[in-house]
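As provided, run_22.txt (compact mmCIF, C-alpha atoms and all ligand atoms) reads as follows.
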```txt
# COMPACT_ATOMS: atom_id res chain seq x y z
CA MET T 343 164.12 177.78 64.33
CA LYS T 344 166.39 176.49 61.59
CA ILE T 345 168.70 178.79 59.60
CA LEU T 346 166.97 177.41 56.49
CA THR T 347 163.58 178.61 57.78
CA LEU T 348 164.96 182.15 58.15
CA ASN T 349 165.27 182.13 54.37
CA PHE T 350 161.48 181.79 54.07
CA VAL T 351 160.21 184.29 56.64
CA THR T 352 159.95 188.05 56.69
CA CYS T 353 158.25 190.73 58.80
CA ALA T 354 154.57 189.88 59.42
CA ARG T 355 153.46 193.52 59.12
CA LYS T 356 151.65 194.43 55.92
CA ALA T 357 153.47 197.75 55.79
CA CYS T 358 156.82 195.95 55.56
CA LYS T 359 155.95 193.49 52.81
CA ALA T 360 157.22 195.71 50.01
CA SER T 361 160.39 196.80 51.80
CA PRO T 362 163.65 195.03 50.91
CA ALA T 363 164.96 195.96 54.39
CA ALA T 364 162.43 193.59 56.00
CA PHE T 365 164.19 190.50 54.63
CA PRO T 366 166.01 188.69 56.03
CA LEU T 367 165.01 189.30 59.64
CA ARG T 368 168.06 189.93 61.81
CA PRO T 369 168.76 187.45 64.59
CA ARG T 370 169.67 189.07 67.94
CA GLU T 371 170.76 187.53 71.23
CA ALA T 372 170.53 184.21 69.47
CA GLU T 373 171.20 181.05 71.43
CA LEU T 374 172.16 178.50 68.78
CA GLU T 375 172.37 174.76 68.98
CA ILE T 376 173.24 171.96 66.60
CA VAL T 377 170.53 169.34 66.22
CA GLU T 378 172.11 166.48 64.31
CA GLN T 379 170.38 165.20 61.18
CA ASP T 380 171.47 162.52 58.74
CA ILE T 381 173.17 164.10 55.75
CA ASN T 382 171.12 163.95 52.59
CA PRO T 383 173.07 165.10 49.54
CA LEU T 384 170.08 165.06 47.18
CA PHE T 385 168.13 167.22 49.54
CA VAL T 386 170.86 169.86 49.82
CA ARG T 387 171.14 169.95 46.04
CA ASN T 388 167.38 170.43 45.58
CA VAL T 389 167.08 173.08 48.30
CA LEU T 390 169.76 175.22 46.70
CA PRO T 391 167.52 176.60 43.90
CA ARG T 392 164.96 177.65 46.55
CA LEU T 393 167.42 179.81 48.48
CA GLU T 394 167.88 183.57 48.52
CA TRP T 395 171.64 183.29 48.72
CA ASP T 396 172.38 186.88 49.73
CA ALA T 397 169.91 186.67 52.60
CA LEU T 398 171.54 183.45 53.80
CA ARG T 399 174.96 185.13 53.73
CA GLU T 400 173.62 188.09 55.71
CA VAL T 401 172.14 185.86 58.40
CA CYS T 402 175.42 183.94 58.68
CA GLY T 403 177.24 187.23 59.05
CA GLU T 404 174.90 188.46 61.77
CA LEU T 405 175.32 185.21 63.69
CA GLY T 406 179.09 185.19 63.29
CA LEU T 407 178.96 181.86 61.45
CA GLN T 408 181.20 180.73 58.61
CA GLN T 409 181.67 182.94 55.57
CA LEU T 410 179.78 181.65 52.56
CA PRO T 411 180.96 182.07 48.96
CA SER T 412 179.74 185.39 47.53
CA THR T 413 177.63 183.70 44.87
CA ALA T 414 175.41 180.65 45.16
CA PRO T 415 177.28 177.43 44.39
CA SER T 416 176.38 175.41 41.32
CA PRO T 417 175.31 171.77 41.68
CA ASP T 418 178.80 170.77 40.50
CA ASP T 419 180.36 172.40 43.56
CA LEU T 420 178.42 170.05 45.81
CA PHE T 421 180.02 166.84 44.67
CA THR T 422 183.53 165.66 44.14
CA THR T 423 184.86 162.57 42.44
CA THR T 424 188.15 162.71 44.32
CA PRO T 425 187.84 160.34 47.27
CA ALA T 426 188.52 161.88 50.66
CA ALA T 427 192.02 160.90 51.85
CA ALA T 428 190.79 158.83 54.79
CA ASP T 429 188.48 156.83 52.56
CA THR T 430 191.03 156.03 49.85
CA ALA T 431 192.33 152.87 51.43
CA MET T 432 188.87 151.41 51.86
CA ALA T 433 187.22 152.55 48.65
CA ASP T 434 187.42 150.04 45.85
CA ALA T 435 188.10 151.15 42.28
CA ALA T 436 184.47 151.57 41.23
CA ASP T 437 183.50 153.40 44.38
CA ALA T 438 186.30 155.90 44.05
CA HIS T 439 184.66 157.43 40.99
CA GLU T 440 181.22 157.81 42.54
CA PRO T 441 180.45 161.49 43.14
CA ARG T 442 180.61 162.13 46.86
CA PRO T 443 179.49 165.10 48.95
CA SER T 444 181.99 167.94 48.84
CA GLN T 445 183.06 169.84 51.95
CA LEU T 446 180.78 172.69 50.81
CA LEU T 447 177.77 170.37 50.75
CA ARG T 448 178.61 169.12 54.25
CA ASP T 449 178.95 172.68 55.50
CA LEU T 450 175.61 173.66 53.94
CA HIS T 451 173.93 170.65 55.52
CA THR T 452 175.19 171.69 58.96
CA LEU T 453 174.29 175.32 58.43
CA LEU T 454 170.84 174.89 56.89
CA LEU T 455 169.46 171.82 58.59
CA GLU T 456 171.37 171.31 61.83
CA THR T 457 171.96 174.83 63.12
CA THR T 458 168.89 176.06 64.98
CA MET T 459 168.01 179.12 67.00
CA ARG T 460 166.69 177.91 70.36
CA SER T 461 165.91 181.35 71.66
CA GLY T 462 166.47 185.00 70.83
CA LYS T 463 164.84 187.66 68.72
CA LEU T 464 164.26 188.29 65.05
CA VAL T 465 164.30 191.98 64.21
CA CYS T 466 162.78 193.66 61.16
CA GLY T 467 165.24 195.96 59.41
CA ASN T 468 162.40 198.15 58.18
CA CYS T 469 160.13 198.77 61.19
CA GLY T 470 162.33 197.53 64.03
CA HIS T 471 159.68 195.16 65.37
CA GLU T 472 161.16 192.29 67.41
CA TYR T 473 159.76 188.78 67.21
CA ALA T 474 160.64 186.46 70.09
CA VAL T 475 161.91 182.91 69.57
CA LYS T 476 161.36 180.61 72.56
CA GLU T 477 161.98 176.88 72.75
CA GLY T 478 162.74 176.99 69.04
CA ILE T 479 159.34 178.45 68.11
CA ALA T 480 159.07 181.98 66.75
CA ASN T 481 156.10 184.15 67.72
CA PHE T 482 154.99 186.31 64.78
CA LEU T 483 151.70 187.44 66.32
CA LEU T 484 151.31 191.22 66.17
CA PRO T 485 149.51 193.51 68.60
CA SER T 486 146.27 194.57 66.91
CA HIS T 487 147.43 198.16 66.22
CA LEU T 488 150.29 196.86 64.05
CA VAL T 489 148.30 194.45 61.88
CA MET U 7 145.52 152.47 53.87
CA LEU U 8 148.36 154.72 54.94
CA PRO U 9 148.85 154.95 58.70
CA THR U 10 147.52 158.02 60.55
CA PRO U 11 150.35 159.79 62.43
CA SER U 12 150.29 159.34 66.19
CA THR U 13 149.00 162.27 68.24
CA ASP U 14 148.91 160.36 71.56
CA HIS U 15 151.20 162.95 73.17
CA VAL U 16 148.80 165.87 72.50
CA THR U 17 146.50 167.28 75.19
CA PHE U 18 143.23 167.95 73.40
CA GLU U 19 142.06 170.35 76.12
CA ASN U 20 143.64 173.22 74.21
CA VAL U 21 144.50 171.75 70.79
CA TYR U 22 142.01 170.60 68.13
CA GLU U 23 141.60 166.83 68.14
CA PRO U 24 141.76 165.18 64.69
CA ALA U 25 138.19 164.75 63.45
CA GLU U 26 136.19 164.06 60.29
CA ASP U 27 137.57 167.23 58.63
CA SER U 28 141.18 166.26 59.35
CA PHE U 29 140.59 162.75 57.97
CA LEU U 30 138.90 164.08 54.85
CA LEU U 31 142.08 166.06 54.13
CA LEU U 32 144.22 162.94 54.60
CA ASP U 33 141.99 160.92 52.28
CA THR U 34 141.84 163.68 49.67
CA LEU U 35 145.58 164.39 49.59
CA SER U 36 146.37 160.68 49.22
CA SER U 37 143.60 159.96 46.68
CA ARG U 38 144.65 158.70 43.28
CA SER U 39 143.57 161.87 41.49
CA GLU U 40 145.46 164.23 43.80
CA ARG U 41 148.56 162.05 43.72
CA GLU U 42 148.51 162.18 39.93
CA PHE U 43 147.92 165.92 39.95
CA LEU U 44 150.73 166.64 42.42
CA ARG U 45 153.22 164.30 40.74
CA ALA U 46 152.62 165.95 37.37
CA ARG U 47 152.90 169.41 38.88
CA PHE U 48 156.07 168.82 40.91
CA PRO U 49 157.94 166.14 38.95
CA ALA U 50 160.82 164.64 40.91
CA THR U 51 163.07 165.20 37.91
CA ALA U 52 162.57 168.96 38.14
CA GLY U 53 165.06 169.33 40.97
CA ALA U 54 164.01 172.18 43.25
CA SER U 55 162.32 170.92 46.43
CA PRO U 56 158.63 171.80 46.90
CA VAL U 57 157.72 173.86 49.98
CA VAL U 58 154.57 172.61 51.73
CA LEU U 59 152.87 174.91 54.26
CA GLU U 60 149.97 173.96 56.47
CA ILE U 61 148.16 176.81 58.20
CA GLY U 62 146.46 176.01 61.51
CA THR U 63 148.10 172.61 62.03
CA GLY U 64 146.47 171.94 65.42
CA SER U 65 147.83 168.53 66.48
CA GLY U 66 149.91 168.39 63.30
CA VAL U 67 148.17 165.25 62.04
CA VAL U 68 147.67 166.48 58.45
CA LEU U 69 151.14 167.89 57.86
CA ALA U 70 152.78 164.86 59.51
CA PHE U 71 150.76 162.62 57.19
CA VAL U 72 151.92 164.53 54.11
CA ALA U 73 155.54 164.57 55.29
CA ALA U 74 155.67 160.89 56.26
CA ASN U 75 153.95 159.83 53.02
CA ALA U 76 155.58 162.34 50.69
CA LEU U 77 157.00 159.63 48.46
CA HIS U 78 153.54 158.11 48.01
CA ILE U 79 151.66 161.40 47.62
CA LEU U 80 154.12 163.58 45.67
CA GLY U 81 156.30 160.85 44.24
CA ARG U 82 159.31 162.45 45.93
CA SER U 83 160.47 162.83 49.50
CA ASP U 84 162.77 165.85 49.17
CA ILE U 85 160.08 168.24 50.39
CA MET U 86 160.25 171.01 52.97
CA THR U 87 157.28 171.27 55.34
CA VAL U 88 156.35 174.32 57.45
CA ALA U 89 153.58 174.72 60.03
CA THR U 90 151.78 177.75 61.42
CA ASP U 91 149.13 178.07 64.09
CA ILE U 92 147.80 180.99 66.10
CA ASN U 93 147.77 178.68 69.15
CA SER U 94 151.21 178.18 70.72
CA PHE U 95 150.15 174.85 72.26
CA ALA U 96 149.28 173.63 68.78
CA CYS U 97 152.72 174.75 67.54
CA HIS U 98 154.47 172.63 70.17
CA ALA U 99 152.15 169.67 69.56
CA THR U 100 152.77 169.89 65.80
CA LYS U 101 156.53 169.93 66.19
CA LYS U 102 156.41 166.75 68.26
CA THR U 103 153.95 165.01 65.90
CA LEU U 104 156.18 165.76 62.90
CA GLN U 105 159.34 164.59 64.67
CA LEU U 106 157.71 161.30 65.67
CA ALA U 107 156.20 160.69 62.24
CA LEU U 108 159.45 161.39 60.43
CA ALA U 109 161.54 159.29 62.82
CA SER U 110 159.36 156.22 62.28
CA ASN U 111 159.29 156.93 58.56
CA ALA U 112 163.10 157.01 58.42
CA SER U 113 163.41 153.61 60.05
CA GLU U 114 160.94 152.05 57.60
CA ASN U 115 162.43 153.68 54.52
CA PRO U 116 166.18 153.94 55.06
CA SER U 117 167.06 154.51 51.39
CA ALA U 118 164.75 157.43 50.51
CA PRO U 119 165.65 160.98 51.60
CA VAL U 120 163.75 161.96 54.73
CA PRO U 121 161.43 164.93 54.18
CA ILE U 122 162.41 168.01 56.14
CA PHE U 123 160.25 169.60 58.79
CA LEU U 124 161.46 173.19 58.81
CA ASP U 125 159.60 174.69 61.78
CA SER U 126 156.42 175.30 63.65
CA ILE U 127 155.62 179.03 63.62
CA ASN U 128 153.19 180.84 65.93
CA SER U 129 151.46 183.28 63.58
CA ASP U 130 148.26 184.58 62.11
CA LEU U 131 147.67 182.60 58.90
CA ALA U 132 150.83 182.72 56.75
CA SER U 133 151.69 186.31 57.68
CA PRO U 134 155.49 185.86 58.02
CA LEU U 135 155.94 183.69 54.92
CA ARG U 136 157.83 185.23 52.00
CA ALA U 137 155.61 186.05 49.00
CA GLY U 138 155.68 183.53 46.16
CA SER U 139 157.56 180.91 48.16
CA LEU U 140 154.87 178.25 48.64
CA ASP U 141 154.24 175.26 46.39
CA VAL U 142 151.51 173.51 48.38
CA LEU U 143 149.31 175.29 50.93
CA ILE U 144 146.85 173.37 53.12
CA PHE U 145 144.24 174.90 55.44
CA ASN U 146 141.52 173.27 57.53
CA PRO U 147 140.18 176.56 58.91
CA PRO U 148 137.85 177.42 61.76
CA TYR U 149 134.73 177.06 59.58
CA VAL U 150 131.71 176.92 61.90
CA PRO U 151 129.33 179.91 61.53
CA THR U 152 129.39 181.83 64.84
CA GLU U 153 128.29 185.17 66.17
CA GLY U 154 131.56 187.00 66.20
CA LEU U 155 135.10 185.70 66.53
CA PRO U 156 137.07 184.95 69.74
CA ASP U 157 138.31 188.07 71.55
CA LEU U 158 141.97 188.43 70.57
CA SER U 159 142.72 191.10 73.18
CA LYS U 160 143.38 188.28 75.67
CA HIS U 161 145.19 186.03 73.22
CA ASP U 162 148.74 186.92 74.29
CA LYS U 163 147.92 186.15 77.89
CA PHE U 164 146.37 182.76 77.13
CA ASN U 165 148.99 181.92 74.53
CA ALA U 166 151.73 182.28 77.16
CA VAL U 167 150.07 180.16 79.85
CA THR U 168 152.55 177.41 80.71
CA GLU U 169 151.20 175.80 83.86
CA HIS U 170 147.68 174.61 84.45
CA GLY U 171 146.91 177.48 86.76
CA ALA U 172 143.84 179.53 87.51
CA ASP U 173 143.57 180.62 83.86
CA SER U 174 143.59 177.17 82.34
CA PHE U 175 139.84 176.79 81.92
CA ASP U 176 139.46 180.17 80.13
CA CYS U 177 142.62 179.50 78.17
CA ASN U 178 141.35 176.15 76.95
CA SER U 179 137.97 177.48 75.87
CA HIS U 180 139.64 180.41 74.08
CA MET U 181 141.98 178.06 72.16
CA LEU U 182 139.20 175.65 71.24
CA ALA U 183 136.99 178.53 70.09
CA LEU U 184 139.83 179.63 67.80
CA SER U 185 139.86 176.17 66.27
CA TYR U 186 136.25 176.21 65.11
CA ALA U 187 134.73 179.74 65.23
CA GLY U 188 134.47 181.16 61.72
CA GLY U 189 132.13 184.15 62.20
CA VAL U 190 129.68 185.12 59.44
CA ASP U 191 128.99 182.08 57.19
CA GLY U 192 131.95 180.48 58.97
CA MET U 193 134.07 182.29 56.37
CA GLU U 194 135.72 185.23 58.14
CA VAL U 195 139.10 183.58 58.66
CA THR U 196 139.01 181.62 55.39
CA ASN U 197 138.14 184.75 53.39
CA ARG U 198 141.19 186.55 54.77
CA LEU U 199 143.39 183.68 53.63
CA LEU U 200 141.75 183.38 50.20
CA GLY U 201 142.68 187.01 49.52
CA GLN U 202 146.34 186.22 50.18
CA ILE U 203 146.61 183.05 48.11
CA PRO U 204 147.70 184.67 44.82
CA THR U 205 150.55 186.43 46.67
CA LEU U 206 151.66 183.45 48.76
CA LEU U 207 151.79 180.74 46.08
CA ARG U 208 154.71 180.40 43.71
CA LYS U 209 153.65 181.99 40.42
CA GLY U 210 152.08 179.50 38.07
CA GLU U 211 153.14 176.52 40.19
CA GLY U 212 151.58 176.74 43.64
CA VAL U 213 148.42 174.92 44.65
CA ALA U 214 146.14 175.36 47.69
CA TYR U 215 143.83 172.87 49.40
CA ILE U 216 141.10 174.40 51.58
CA LEU U 217 138.44 172.58 53.58
CA LEU U 218 134.88 174.00 53.53
CA CYS U 219 131.61 172.97 55.14
CA ALA U 220 128.15 173.27 53.59
CA GLN U 221 127.30 176.45 55.56
CA ASN U 222 130.35 178.16 54.01
CA ARG U 223 128.38 178.23 50.71
CA PRO U 224 131.11 176.41 48.77
CA ASP U 225 129.59 177.15 45.34
CA HIS U 226 129.67 180.85 46.10
CA VAL U 227 133.28 180.60 47.33
CA LYS U 228 134.27 178.80 44.15
CA SER U 229 132.60 181.37 41.91
CA LEU U 230 134.51 184.14 43.70
CA VAL U 231 137.83 182.36 43.12
CA ARG U 232 137.02 181.99 39.41
CA GLN U 233 136.60 185.75 39.27
CA TRP U 234 140.24 186.31 40.28
CA GLY U 235 141.11 185.96 36.59
CA SER U 236 144.74 185.29 35.54
CA GLY U 237 143.88 181.63 34.91
CA TRP U 238 142.92 180.79 38.52
CA LYS U 239 140.99 177.54 38.74
CA VAL U 240 139.10 175.81 41.51
CA GLU U 241 137.53 172.36 41.86
CA THR U 242 136.06 170.21 44.60
CA VAL U 243 138.49 167.29 44.94
CA GLY U 244 137.17 165.50 48.02
CA SER U 245 133.97 165.35 50.07
CA SER U 246 132.37 163.52 52.95
CA GLY U 247 129.12 163.24 54.89
CA LYS U 248 126.83 163.06 51.85
CA LYS U 249 123.22 163.67 52.93
CA ALA U 250 120.37 163.98 50.43
CA GLY U 251 122.75 165.23 47.74
CA TRP U 252 124.51 167.68 50.11
CA GLU U 253 128.15 167.30 51.08
CA ARG U 254 128.68 168.23 54.69
CA LEU U 255 132.41 168.79 54.17
CA GLN U 256 134.49 169.26 51.06
CA VAL U 257 138.05 170.06 50.04
CA ILE U 258 138.62 172.51 47.21
CA ARG U 259 141.82 172.75 45.21
CA ILE U 260 142.88 176.18 43.92
CA TRP U 261 145.57 176.48 41.25
CA GLN U 262 146.60 178.39 38.15
C1 LIG F 501 139.70 173.03 62.45
S1 LIG F 501 141.26 173.19 63.29
C2 LIG F 501 142.30 172.16 62.23
C3 LIG F 501 143.46 171.54 62.95
C4 LIG F 501 144.26 170.52 62.12
N1 LIG F 501 144.79 171.12 60.92
C5 LIG F 501 143.39 169.35 61.72
O1 LIG F 501 143.02 169.27 60.56
O2 LIG F 501 143.10 168.52 62.59
C6 LIG F 501 141.74 174.88 62.87
C7 LIG F 501 143.13 175.28 63.35
O3 LIG F 501 143.42 176.58 62.86
C8 LIG F 501 144.03 177.36 63.87
N2 LIG F 501 143.75 178.78 63.57
C9 LIG F 501 142.60 179.46 63.76
N3 LIG F 501 142.70 180.73 63.33
C10 LIG F 501 143.99 180.86 62.87
C11 LIG F 501 144.73 181.94 62.32
N4 LIG F 501 144.18 183.14 62.12
N5 LIG F 501 146.01 181.73 61.97
C12 LIG F 501 146.58 180.51 62.16
N6 LIG F 501 145.93 179.46 62.67
C13 LIG F 501 144.65 179.61 63.03
C14 LIG F 501 143.42 176.85 65.15
O4 LIG F 501 144.23 177.15 66.28
C15 LIG F 501 143.30 175.35 64.86
O5 LIG F 501 144.47 174.68 65.24
ZN ZN F 502 158.64 195.20 59.81
```
Just give me the structure of the file as structure tokens.
Ligand SMILES: C[S@@+](CC[C@H](N)C(=O)[O-])C[C@H]1O[C@@H](n2cnc3c(N)ncnc32)[C@H](O)[C@@H]1O
Ligand SMILES: [Zn+2]
Amino acid sequence: MKILTLNFVTCARKACKASPAAFPLRPREAELEIVEQDINPLFVRNVLPRLEWDALREVCGELGLQQLPSTAPSPDDLFTTTPAAADTAMADAADAHEPRPSQLLRDLHTLLLETTMRSGKLVCGNCGHEYAVKEGIANFLLPSHLV
Amino acid sequence: MLPTPSTDHVTFENVYEPAEDSFLLLDTLSSRSEREFLRARFPATAGASPVVLEIGTGSGVVLAFVAANALHILGRSDIMTVATDINSFACHATKKTLQLALASNASENPSAPVPIFLDSINSDLASPLRAGSLDVLIFNPPYVPTEGLPDLSKHDKFNAVTEHGADSFDCNSHMLALSYAGGVDGMEVTNRLLGQIPTLLRKGEGVAYILLCAQNRPDHVKSLVRQWGSGWKVETVGSSGKKAGWERLQVIRIWQ
């Protein structure tokens, strides 16, 4: 399960829907892996307005991943017009002024789209229910007495 | 004609095989009128990426089709797709179908952003999805009228079967029953979802596509949706199997 997906899921129990403690679910015993994806700057920019930034920061904290800025970045933070040092020699004059992905955008790409939870548990902060993740697929089915 | 995603890797012993209902959804979602509707509703210039959820993906053929043809259907390819199914075998099949469809799409279309497949989730309907987070919801439900619904007390056991052991016959029939059995009027599962649509869709923006068969009493279903108030609308936007003026299958669109 991707870190980005964790921004869209909450506890499946009806009783937890209204509780702020049920979101985000807390990853436990998470086995993470990086599944490489081509970077897509436009995509990262357009996903940003869909994110609950605080929830993303919490999940990163729980997983011991990089610290994110305390407030959501603005689209301007995602691009830079200063060419990266290594590219300077190769970039011609016109190219050097093209906006290029900033380090923050690259980090977000890795975090949101490449970092996945292969196995572990997702725990509800309201009711304590644990949902298992196996082979990258989370099981949100509830025993009938909890539905 | 847009290509149908490959599902050659799926074992249809325990996962629903694409059929007339699946293909009606493909045709409807890629029809001129739905393309125009979706493009106007989610203009590419508006930035924020649409979230597309399919409930009960089975083989994944419908969601893979939408993802691979996002540029054609929605006029933009920066979409996020999510899948749910109550059947864990379907979840695995869907993941593979999406990966294959998007990989071949990327090689044909190197310049456009590749749509994102977020995840396959094993759940009842959309139960873990955050309220108000969905832009497009698609559901081809178990719609056949049946006496009662499959017994869920054994679901966990069957859902966890990994080898083709002694249980595999019962497991397969349980999973296939879940794919078609709709209880009274074939509407028991669909009715539960309909009740959740106003909560699940993004306020004022979200749209749902639901497949119905004639025994579901589509006109009655539509009149109930119109009674939700708050500007909820519903129309039939695709149909197939016309017989003496009756549509055997139809797709309704629900929006605000
Ligand atoms: C008619 S099949 C459609 C499969 C696929 N979408 C297609 O069009 O070919 C219905 C699917 O819904 C799934 N399903 C049934 N009840 C469900 C529920 N309560 N929650 C999630 N999925 C469910 C079944 O496992 C099956 O895959
Ligand atoms: Zn909970």
Grab me every residue within 9 Å of ligand LIG 501 (chain F), counting all atoms listed in the file, and send it over as a PyMOL selection string. chain U and resi 20-32+60-69+90-97+128-133+144-150+181-188+195-196+198-199+217
Taking only residues of chain T that have an atom at most 9 Å from an atom of ligand ZN 502 (chain F), what is each one's shortest atom pair and its distance in Å to one decimal, using only C-alpha atoms and all ligand atoms, in chain and number order, as CSV?
```
residue,atom,partner,partner_atom,distance
T:Thr352,CA,F:ZN502,ZN,7.9
T:Cys353,CA,F:ZN502,ZN,4.6
T:Ala354,CA,F:ZN502,ZN,6.7
T:Arg355,CA,F:ZN502,ZN,5.5
T:Lys356,CA,F:ZN502,ZN,8.0
T:Ala357,CA,F:ZN502,ZN,7.0
T:Cys358,CA,F:ZN502,ZN,4.7
T:Lys359,CA,F:ZN502,ZN,7.7
T:Ser361,CA,F:ZN502,ZN,8.4
T:Ala363,CA,F:ZN502,ZN,8.4
T:Ala364,CA,F:ZN502,ZN,5.6
T:Phe365,CA,F:ZN502,ZN,8.9
T:Leu367,CA,F:ZN502,ZN,8.7
T:Val465,CA,F:ZN502,ZN,7.9
T:Cys466,CA,F:ZN502,ZN,4.6
T:Gly467,CA,F:ZN502,ZN,6.7
T:Asn468,CA,F:ZN502,ZN,5.0
T:Cys469,CA,F:ZN502,ZN,4.1
T:Gly470,CA,F:ZN502,ZN,6.1
T:His471,CA,F:ZN502,ZN,5.7
T:Glu472,CA,F:ZN502,ZN,8.5
```
Please save C-alpha atoms of the selected residues as a PDB file, in the frame of the given file.
```
ATOM      1  CA  THR T 352     159.950 188.050  56.690  1.00  0.00           C
ATOM      2  CA  CYS T 353     158.250 190.730  58.800  1.00  0.00           C
ATOM      3  CA  ALA T 354     154.570 189.880  59.420  1.00  0.00           C
ATOM      4  CA  ARG T 355     153.460 193.520  59.120  1.00  0.00           C
ATOM      5  CA  LYS T 356     151.650 194.430  55.920  1.00  0.00           C
ATOM      6  CA  ALA T 357     153.470 197.750  55.790  1.00  0.00           C
ATOM      7  CA  CYS T 358     156.820 195.950  55.560  1.00  0.00           C
ATOM      8  CA  LYS T 359     155.950 193.490  52.810  1.00  0.00           C
ATOM      9  CA  SER T 361     160.390 196.800  51.800  1.00  0.00           C
ATOM     10  CA  ALA T 363     164.960 195.960  54.390  1.00  0.00           C
ATOM     11  CA  ALA T 364     162.430 193.590  56.000  1.00  0.00           C
ATOM     12  CA  PHE T 365     164.190 190.500  54.630  1.00  0.00           C
ATOM     13  CA  LEU T 367     165.010 189.300  59.640  1.00  0.00           C
ATOM     14  CA  VAL T 465     164.300 191.980  64.210  1.00  0.00           C
ATOM     15  CA  CYS T 466     162.780 193.660  61.160  1.00  0.00           C
ATOM     16  CA  GLY T 467     165.240 195.960  59.410  1.00  0.00           C
ATOM     17  CA  ASN T 468     162.400 198.150  58.180  1.00  0.00           C
ATOM     18  CA  CYS T 469     160.130 198.770  61.190  1.00  0.00           C
ATOM     19  CA  GLY T 470     162.330 197.530  64.030  1.00  0.00           C
ATOM     20  CA  HIS T 471     159.680 195.160  65.370  1.00  0.00           C
ATOM     21  CA  GLU T 472     161.160 192.290  67.410  1.00  0.00           C
TER      22      GLU T 472
END
```
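Residues from chain U that have an atom within 6 Å of chain T, counting all atoms listed in the file, are Gly53, Ala54, Ser55, Asp84, Leu124, Ile127, Asn128, Ser129, Ser133, Pro134, Leu135 and Arg136 of chain U.
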Distance criterion (all atoms listed in the file): nearest to U:Phe71 out of U:Leu8, U:Val57, U:Val231, U:Ile85: U:Leu8
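Remark: for U:Ser126, the closest of the candidate residues U:Asn197, U:Pro151, U:Ser83, U:Ala70 is U:Ala70 (distances computed over only C-alpha atoms).
Atom CA of T:Ala474 lies 18.1 Å from atom CA of T:His487.
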Which residue, T:Lys476, T:Gly406, T:Ala414, T:Glu440, has the smallest gap to T:Met459 when you use all atoms listed in the file? T:Lys476
Pairwise distance, atom CA of U:Cys219 with atom CA of U:Pro156, equals 19.7 Å
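Taking atom CA of U:Ser236 as the reference point, atom CA of U:Arg208 is found at 13.8 Å.
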Just checking: using all atoms listed in the file, which residue out of T:Arg399, T:Arg448, T:Arg442, T:Arg368 ends up closest to T:Gly462? T:Arg368
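In this comparison, which uses all atoms listed in the file, the residue of U:His15, U:Leu44, U:Gly247, U:Asp33 approaching U:Ala76 most closely is U:Leu44.
For U:Val58, the set of protein, DNA and RNA residues having any atom at most 8 Å away, when counting only C-alpha atoms and skipping those fewer than 3 positions along the same chain, is Ile85, Met86, Thr87, Val88, Leu140, Asp141, Val142, Leu143 and Ile144 of chain U.
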From the set U:Gly81, U:Gly235, U:Gly138, U:Gly192, which residue has the shortest atom-to-atom contact distance to U:Arg47, counting all atoms listed in the file? U:Gly81
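Every protein or nucleic acid residue with an atom no more than 6 Å from U:Thr205, counting all atoms listed in the file and leaving out same-chain residues fewer than 2 positions away, appears here: Ala137, Gly138, Gln202, Ile203 and Leu207 of chain U.
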